[in-house]
Amino acid sequence: MRTINPRWFESIPLVLVLFFVVAAVDGTSQGKLVAVDSNHIAIKGYDAVAYFTDGKAIKGSSQFEYAFGDAIWLFSNADHRRMFIADPDRYVPQYGGNCAGATAFGDVIPADPEAWTIVDGKLYMVASKKFLDQWKVNSAENIKQADAHWTAIQQRQTAHQH
């Protein structure tokens with residue numbers, strides 16, 4: 001079984017990693033980590049619902065924002081905002097919008113919201129579009145590995161915050 005090569009992380013610009021921080025989201029029972037910027041805008045301001053309804057990455061607007069946990073989610077329209085409020089766990093990307101590939105190796109790197117896919121009704125993002133196809137080839141194994149690391153990642157992040 002092939003999985004993604006950890007060396008591809010070497011090509012991720014350091015500025016991308018430094019531009020985004022990972023914050024704990026207290027608004028859900030799972031205590032998920034969400035990739036936010038310095039203003040606590042989740043997933044670089046992209047509309048989390050649009051991936052499901054429009055099948056593409058669409059920037060949200062501060063006109064349609066919603067504070068969920070320690071993150072501000074932006075939406076492209078009022079309907080998407082309402083849908084998210086009704087069922088945020090359905091729309092929040094897996095691993096909080098952090099790179100699903102990095103998570104598979106136990107690391108936390110904010111993802112590129114334009115490098116995404118939906119697998120079994122769940123939204124996954126990776127660090128760059130150039131790695132998306134490679135991640136998708138073995139998505140089931142990559143998800144299995146990332147899921148195995150996700151709890152420990154969250155616990156480490158929570159410990160660092162206290």
# chains A, B, ... in the order shown; residues from 1 in each chain; ligands from 1

$ closest_atom_pairs --of "region 92-152 of chain A" --to "region 45-69 of chain A" --cutoff "8 Å" --atoms "only C-alpha atoms" --output "CSV"
residue,atom,partner,partner_atom,distance
A:Val92,CA,A:Ala48,CA,6.4
A:Pro93,CA,A:Ala48,CA,7.3
A:Pro113,CA,A:Tyr46,CA,6.8
A:Glu114,CA,A:Ala57,CA,5.7
A:Leu123,CA,A:Tyr51,CA,7.8

$ closest_residue --among "A:Ile72, A:Ile85, A:Ala78, A:Ala100" --to "Asn142 (chain A)" --atoms "only C-alpha atoms"
A:Ala100

$ select_by_dssp --residues "region 9-155 of chain A" --states "helix (DSSP H, G or I)" --output "PyMOL selection string"
chain A and resi 9-11+14-19+43-45+50-53+78-86+88-91+94-97+100-104+129-137+139-155

$ closest_residue --among "A:Ala140, A:Val108, A:Ala115, A:Leu132" --to "Ala152 (chain A)" --atoms "only C-alpha atoms"
A:Val108

$ closest_residue --among "A:Lys122, A:Ser128, A:Ala104, A:Gln145" --to "Tyr91 (chain A)" --atoms "only C-alpha atoms"
A:Lys122

$ residues_around --residues "Tyr124 (chain A)" --least-positions-apart "5" --cutoff "10 Å" --atoms "only C-alpha atoms" --output "ChimeraX atom specification"
/A:92-101,111,113,115-119,132,136,139,143

$ atom_distance --atom1 "CA of His149 (chain A)" --atom2 "CA of Asp37 (chain A)"
23.1 Å

$ closest_residue --among "A:Met125, A:Asn39, A:Gln134, A:Gly106" --to "Arg156 (chain A)" --atoms "only C-alpha atoms"
A:Gly106

$ atom_distance --atom1 "CA of Thr158 (chain A)" --atom2 "CA of Leu33 (chain A)"
9.0 Å

$ atom_distance --atom1 "CA of Gln157 (chain A)" --atom2 "CA of Ala35 (chain A)"
12.2 Å

$ closest_residue --among "A:Gly121, A:Ala146, A:Met83, A:Ala71" --to "Phe105 (chain A)" --atoms "only C-alpha atoms"
A:Ala146

$ decode --residues "region 82-104 of chain A" --atoms "N, CA and C atoms" --output "short mmCIF file (atom, residue, chain, number, x, y, z; two decimals), in the first residue's frame"
data_model
loop_
_atom_site.label_atom_id
_atom_site.label_comp_id
_atom_site.auth_asym_id
_atom_site.auth_seq_id
_atom_site.Cartn_x
_atom_site.Cartn_y
_atom_site.Cartn_z
N ARG A 82 -26.88 29.52 7.50
CA ARG A 82 -27.95 28.80 8.23
C ARG A 82 -27.68 27.30 8.24
N MET A 83 -27.24 26.76 7.11
CA MET A 83 -26.96 25.32 7.03
C MET A 83 -25.83 24.94 7.99
N PHE A 84 -24.81 25.76 8.07
CA PHE A 84 -23.69 25.48 8.96
C PHE A 84 -24.14 25.54 10.42
N ILE A 85 -24.89 26.56 10.77
CA ILE A 85 -25.37 26.71 12.15
C ILE A 85 -26.20 25.50 12.56
N ALA A 86 -27.00 24.97 11.64
CA ALA A 86 -27.86 23.83 11.94
C ALA A 86 -27.07 22.53 12.15
N ASP A 87 -25.91 22.40 11.53
CA ASP A 87 -25.15 21.14 11.61
C ASP A 87 -23.66 21.38 11.32
N PRO A 88 -22.97 22.10 12.20
CA PRO A 88 -21.57 22.43 11.91
C PRO A 88 -20.67 21.21 11.74
N ASP A 89 -20.91 20.14 12.46
CA ASP A 89 -20.05 18.96 12.34
C ASP A 89 -20.11 18.35 10.94
N ARG A 90 -21.18 18.57 10.24
CA ARG A 90 -21.30 18.06 8.87
C ARG A 90 -20.37 18.81 7.92
N TYR A 91 -20.14 20.10 8.20
CA TYR A 91 -19.42 20.95 7.26
C TYR A 91 -17.98 21.28 7.65
N VAL A 92 -17.65 21.25 8.92
CA VAL A 92 -16.28 21.56 9.33
C VAL A 92 -15.35 20.51 8.69
N PRO A 93 -14.30 20.96 8.02
CA PRO A 93 -13.41 19.99 7.39
C PRO A 93 -12.73 19.10 8.43
N GLN A 94 -12.43 17.90 8.00
CA GLN A 94 -11.74 16.96 8.88
C GLN A 94 -10.40 17.55 9.30
N TYR A 95 -10.02 17.23 10.50
CA TYR A 95 -8.77 17.72 11.09
C TYR A 95 -8.75 19.25 11.15
N GLY A 96 -9.96 19.82 11.24
CA GLY A 96 -10.10 21.26 11.44
C GLY A 96 -9.59 22.11 10.29
N GLY A 97 -9.51 21.54 9.10
CA GLY A 97 -8.97 22.30 7.98
C GLY A 97 -7.46 22.27 7.91
N ASN A 98 -6.86 21.43 8.74
CA ASN A 98 -5.42 21.21 8.66
C ASN A 98 -5.17 20.14 7.60
N CYS A 99 -3.96 20.07 7.12
CA CYS A 99 -3.60 19.15 6.05
C CYS A 99 -3.81 17.69 6.47
N ALA A 100 -4.65 17.00 5.71
CA ALA A 100 -4.91 15.59 6.01
C ALA A 100 -3.67 14.73 5.79
N GLY A 101 -2.79 15.14 4.88
CA GLY A 101 -1.54 14.41 4.66
C GLY A 101 -0.59 14.54 5.83
N ALA A 102 -0.43 15.75 6.32
CA ALA A 102 0.45 15.97 7.48
C ALA A 102 -0.10 15.27 8.71
N THR A 103 -1.41 15.31 8.87
CA THR A 103 -2.05 14.66 10.02
C THR A 103 -1.76 13.16 10.00
N ALA A 104 -1.70 12.57 8.81
CA ALA A 104 -1.40 11.14 8.69
C ALA A 104 -0.02 10.81 9.25
#
